[in-house]
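Enquirer: This one is my_file-v2.tsv, TSV, C-alpha atoms and all ligand atoms.
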```tsv
chain	number	residue	atom	x	y	z
A	1	MET	CA	2.30	13.27	-19.56
A	2	ALA	CA	-0.23	10.72	-18.40
A	3	ALA	CA	-3.35	11.77	-16.58
A	4	SER	CA	-2.96	11.64	-12.83
A	5	LEU	CA	-3.99	8.42	-11.12
A	6	PRO	CA	-5.73	8.88	-7.76
A	7	GLY	CA	-5.56	6.34	-4.95
A	8	ALA	CA	-6.45	5.97	-1.28
A	9	CYS	CA	-6.33	3.63	1.70
A	10	PHE	CA	-9.45	1.68	2.67
A	11	CYS	CA	-10.77	4.30	5.12
A	12	GLY	CA	-9.86	7.32	3.02
A	13	GLU	CA	-7.69	8.97	5.67
A	14	VAL	CA	-4.71	8.85	3.30
A	15	GLN	CA	-5.24	9.93	-0.28
A	16	TYR	CA	-2.70	10.34	-3.03
A	17	GLU	CA	-2.19	10.86	-6.69
A	18	LEU	CA	0.38	9.48	-9.11
A	19	THR	CA	1.35	12.42	-11.29
A	20	ASP	CA	2.86	10.27	-14.02
A	21	LYS	CA	2.32	6.74	-15.26
A	22	PRO	CA	4.32	4.08	-13.41
A	23	MET	CA	7.70	3.10	-14.86
A	24	PHE	CA	7.11	-0.63	-14.58
A	25	THR	CA	4.72	-2.97	-12.76
A	26	HIS	CA	5.48	-6.18	-10.89
A	27	CYS	CA	3.13	-8.92	-9.87
A	28	CYS	CA	5.09	-10.48	-7.03
A	29	HIS	CA	4.39	-14.05	-5.98
A	30	CYS	CA	6.99	-14.23	-3.19
A	31	THR	CA	5.94	-15.68	0.13
A	32	ASP	CA	6.62	-12.35	1.91
A	33	CYS	CA	4.07	-10.61	-0.31
A	34	GLN	CA	1.60	-13.43	0.19
A	35	THR	CA	1.87	-13.26	3.97
A	36	GLN	CA	1.97	-9.47	4.22
A	37	SER	CA	-1.00	-8.97	1.90
A	38	GLY	CA	-3.02	-12.00	2.91
A	39	GLY	CA	-3.50	-12.70	-0.79
A	40	ALA	CA	-1.95	-14.80	-3.56
A	41	PHE	CA	0.37	-11.99	-4.75
A	42	ALA	CA	1.03	-8.25	-4.56
A	43	ILE	CA	0.85	-5.91	-7.56
A	44	ASN	CA	3.42	-3.15	-7.29
A	45	ALA	CA	3.80	-0.21	-9.66
A	46	LEU	CA	7.27	1.31	-9.57
A	47	ILE	CA	7.39	5.09	-9.71
A	48	GLU	CA	9.57	8.00	-8.67
A	49	ALA	CA	8.71	9.26	-5.16
A	50	ASP	CA	8.47	12.75	-6.71
A	51	HIS	CA	5.49	11.54	-8.72
A	52	VAL	CA	3.56	10.45	-5.63
A	53	LYS	CA	1.62	13.43	-4.34
A	54	LEU	CA	-0.17	13.15	-1.01
A	55	THR	CA	-3.55	14.86	-1.24
A	56	LYS	CA	-4.79	13.92	2.25
A	57	GLY	CA	-3.10	12.64	5.40
A	58	GLU	CA	0.23	10.85	5.55
A	59	PRO	CA	1.07	7.15	5.84
A	60	VAL	CA	3.27	5.79	8.63
A	61	PRO	CA	6.39	3.73	7.83
A	62	VAL	CA	6.59	0.16	9.13
A	63	THR	CA	9.94	-1.58	8.68
A	64	MET	CA	9.86	-5.27	7.76
A	65	PRO	CA	12.88	-7.55	7.90
A	66	THR	CA	13.98	-9.18	4.62
A	67	ASP	CA	16.24	-12.05	3.56
A	68	SER	CA	18.59	-9.59	1.83
A	69	GLY	CA	19.10	-7.66	5.04
A	70	ARG	CA	18.06	-4.41	3.33
A	71	PRO	CA	14.99	-2.88	4.93
A	72	HIS	CA	11.58	-3.12	3.35
A	73	ILE	CA	9.55	-0.17	4.59
A	74	ILE	CA	5.81	-0.44	4.13
A	75	HIS	CA	3.87	2.82	4.33
A	76	ARG	CA	0.48	2.24	5.91
A	77	CYS	CA	-2.51	4.32	6.88
A	78	ALA	CA	-2.26	4.89	10.65
A	79	LYS	CA	-6.00	4.36	11.04
A	80	CYS	CA	-6.98	1.42	8.82
A	81	GLN	CA	-3.48	-0.04	8.30
A	82	THR	CA	-3.88	-0.42	4.55
A	83	ALA	CA	-0.48	-0.70	2.86
A	84	LEU	CA	-0.23	2.08	0.28
A	85	TRP	CA	3.33	1.65	-0.94
A	86	SER	CA	6.68	0.14	-0.16
A	87	ASP	CA	10.19	1.51	-0.14
A	88	TYR	CA	12.57	-1.38	-0.79
A	89	GLY	CA	16.04	-0.75	0.60
A	90	GLY	CA	15.08	2.59	2.17
A	91	ARG	CA	15.99	4.38	-1.06
A	92	LYS	CA	13.29	7.02	-0.59
A	93	VAL	CA	13.46	8.14	-4.25
A	94	MET	CA	11.53	5.23	-5.76
A	95	LEU	CA	8.32	3.73	-4.42
A	96	PHE	CA	6.42	0.51	-5.08
A	97	ILE	CA	2.77	1.55	-5.17
A	98	ARG	CA	0.25	-1.10	-4.19
A	99	VAL	CA	-1.82	-1.03	-7.34
A	100	SER	CA	-4.88	-2.30	-5.45
A	101	THR	CA	-5.09	1.08	-3.65
A	102	LEU	CA	-5.52	3.00	-6.90
A	103	LYS	CA	-9.01	4.16	-7.76
A	104	GLU	CA	-8.81	2.22	-11.01
A	105	PRO	CA	-6.58	-0.68	-10.03
A	106	HIS	CA	-7.55	-2.82	-13.00
A	107	ALA	CA	-6.34	-0.23	-15.49
A	108	ILE	CA	-2.75	-1.29	-14.78
A	109	GLU	CA	-1.53	-4.69	-15.92
A	110	PRO	CA	1.70	-6.19	-14.66
A	111	ASP	CA	4.69	-6.10	-17.02
A	112	VAL	CA	6.24	-9.08	-15.31
A	113	HIS	CA	5.47	-11.80	-12.79
A	114	ILE	CA	8.30	-12.40	-10.33
A	115	PHE	CA	9.03	-15.12	-7.77
A	116	THR	CA	6.73	-17.48	-9.66
A	117	ARG	CA	8.60	-20.33	-7.92
A	118	SER	CA	6.32	-19.67	-4.94
A	119	LYS	CA	3.19	-18.86	-6.96
A	120	VAL	CA	-0.01	-20.28	-5.51
A	121	PRO	CA	-0.31	-23.48	-7.61
A	122	TRP	CA	-3.91	-22.97	-8.75
A	123	VAL	CA	-3.34	-19.38	-9.90
A	124	GLY	CA	-2.97	-19.26	-13.70
A	125	LEU	CA	-0.97	-16.51	-15.42
A	126	PRO	CA	-1.58	-14.87	-18.81
A	127	GLU	CA	0.82	-16.01	-21.54
A	128	ASN	CA	1.54	-12.45	-22.67
A	129	GLN	CA	2.96	-11.36	-19.31
A	130	ARG	CA	6.60	-12.32	-18.80
A	131	GLN	CA	7.27	-14.70	-15.95
A	132	PHE	CA	10.37	-15.16	-13.84
A	133	GLU	CA	11.11	-17.88	-11.30
A	134	VAL	CA	12.86	-15.33	-9.11
A	135	TYR	CA	13.87	-11.93	-10.50
A	136	TYR	CA	14.87	-10.53	-13.90
A	137	ASP	CA	17.48	-8.36	-15.58
A	138	THR	CA	16.18	-4.79	-15.44
A	139	LYS	CA	18.20	-3.66	-18.47
A	140	LYS	CA	16.73	-6.45	-20.58
A	141	GLU	CA	13.09	-6.17	-19.55
A	142	TRP	CA	12.36	-2.49	-19.00
A	143	PRO	CA	11.47	-0.34	-22.02
A	144	PRO	CA	14.13	2.33	-22.81
A	145	GLU	CA	11.97	5.23	-21.63
A	146	ALA	CA	11.39	3.59	-18.25
A	147	LEU	CA	15.08	2.69	-17.93
A	148	ALA	CA	16.00	6.34	-18.49
A	149	ARG	CA	13.60	7.41	-15.76
A	150	ARG	CA	15.02	4.78	-13.41
A	151	GLU	CA	18.59	5.87	-14.05
A	152	ALA	CA	17.69	9.51	-13.45
A	153	VAL	CA	16.02	8.72	-10.15
A	154	LEU	CA	18.82	6.46	-8.90
A	155	ALA	CA	21.40	9.10	-9.83
A	156	LYS	CA	19.51	11.50	-7.61
A	157	MET	CA	19.92	9.08	-4.72
A	158	LYS	CA	23.70	9.05	-5.00
A	159	LYS	CA	23.95	12.81	-4.60
A	201	ZN	ZN	-6.97	4.36	6.09
A	202	ZN	ZN	7.06	-10.11	-3.12
```
If you convert what's in this file into structure tokens, what do you get?
Expert:
Amino acid sequence: MAASLPGACFCGEVQYELTDKPMFTHCCHCTDCQTQSGGAFAINALIEADHVKLTKGEPVPVTMPTDSGRPHIIHRCAKCQTALWSDYGGRKVMLFIRVSTLKEPHAIEPDVHIFTRSKVPWVGLPENQRQFEVYYDTKKEWPPEALARREAVLAKMKK
């Protein structure tokens, strides 16, 4: 098992720890991520909710509307409003951790770049990181070990 990865909001009121390495990491260039983060993209590490351990405080859920109609719930610190993670579709079992809130955010590199159709034009991307105009085929792009973890966590949801 990977060493635990600590993270926190800007003010430190909410602190957490990832108790396993993320399954897969997205660098998302969609316009929603750009607007919601105020930056050129959002870096999201996908992990089972069971592997996100709160060590201080608790974030508050903020529901954002999406084009798909499924809710996008952003969990923010109540005090400083930093976004710590997202729950896409209200699935609860899998979270999209904002990598920039980890203590060592640069230790994680994205596996894929998605929604590059709306990438900020002057942002260059590394050749070795796969790029997708919109989204990708999970079964094709995820390594087998991560796919197995994903299937296990989604099976849990159906129960
Ligand atoms: Zn805070
Ligand atoms: Zn996005």
Enquirer: Got a sec to check which residues lie within 6 Å of ligand ZN 202 (chain A), using all atoms listed in the file, and send them as number ranges by chain?
Expert: A: 28-30, 32-33
Enquirer: Hey, can you check how far atom CA of Glu17 of chain A sits from atom CA of Ala45 of chain A?
Expert: 12.9 Å
Enquirer: So which residues touch Arg76 of chain A within 7 Å, counting only C-alpha atoms, skipping near sequence neighbours fewer than 6 positions away, as a list of chain:residue names?
Expert: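 Answer for this query is A:Pro59, A:Val60, A:Pro61, A:Thr82, A:Ala83, A:Leu84.
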Enquirer: Using only C-alpha atoms, find the one residue out of A:Pro65, A:Pro105, A:Gly12, A:Gly38 that sits nearest to Tyr88 of chain A.
Expert: A:Pro65
Enquirer: Enumerate, in order of chain and increasing residue number, the residues of chain A with an atom no farther than 6 Å from ligand ZN 201 (chain A), each with its shortest atom pair and distance in Å to one decimal, counting only C-alpha atoms and all ligand atoms, as CSV.
Expert:
```
residue,atom,partner,partner_atom,distance
A:Cys9,CA,A:ZN201,ZN,4.5
A:Phe10,CA,A:ZN201,ZN,5.0
A:Cys11,CA,A:ZN201,ZN,3.9
A:Gly12,CA,A:ZN201,ZN,5.2
A:Glu13,CA,A:ZN201,ZN,4.7
A:Val14,CA,A:ZN201,ZN,5.7
A:Cys77,CA,A:ZN201,ZN,4.5
A:Lys79,CA,A:ZN201,ZN,5.0
A:Cys80,CA,A:ZN201,ZN,4.0
A:Thr82,CA,A:ZN201,ZN,5.9
```
Enquirer: List the neighbours of segment 136-145 of chain A out to 9 Å using only C-alpha atoms; skip same-chain residues closer than 2 positions along the sequence, and give me the result as JSON, numbers by chain.
Expert: {"A": [23, 24, 111, 112, 114, 130, 131, 132, 133, 134, 147, 148, 149, 150]}
Enquirer: How many Å separate atom CA of Thr35 of chain A from atom CA of Lys53 of chain A?
Expert: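 Pair atom CA of Thr35 of chain A / atom CA of Lys53 of chain A returns 28.0 Å.
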Enquirer: Work out how far atom CA of Leu5 of chain A is from atom CA of Leu154 of chain A, in Å to one decimal.
Expert: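 Computing it gives 23.0 Å between the two atoms.
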Enquirer: For a quick check of understanding, using all atoms listed in the file, which of A:Thr63, A:Glu127, A:Val52, A:Glu151 has the smallest distance to Gly90 of chain A?
Expert: A:Thr63
Enquirer: Choose the residue, out of A:His106, A:Arg91, A:Arg98, A:His51, that has the smallest atom-to-atom separation from Leu18 of chain A; count all atoms listed in the file.
Expert: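 Nearest to Leu18 of chain A: A:His51.
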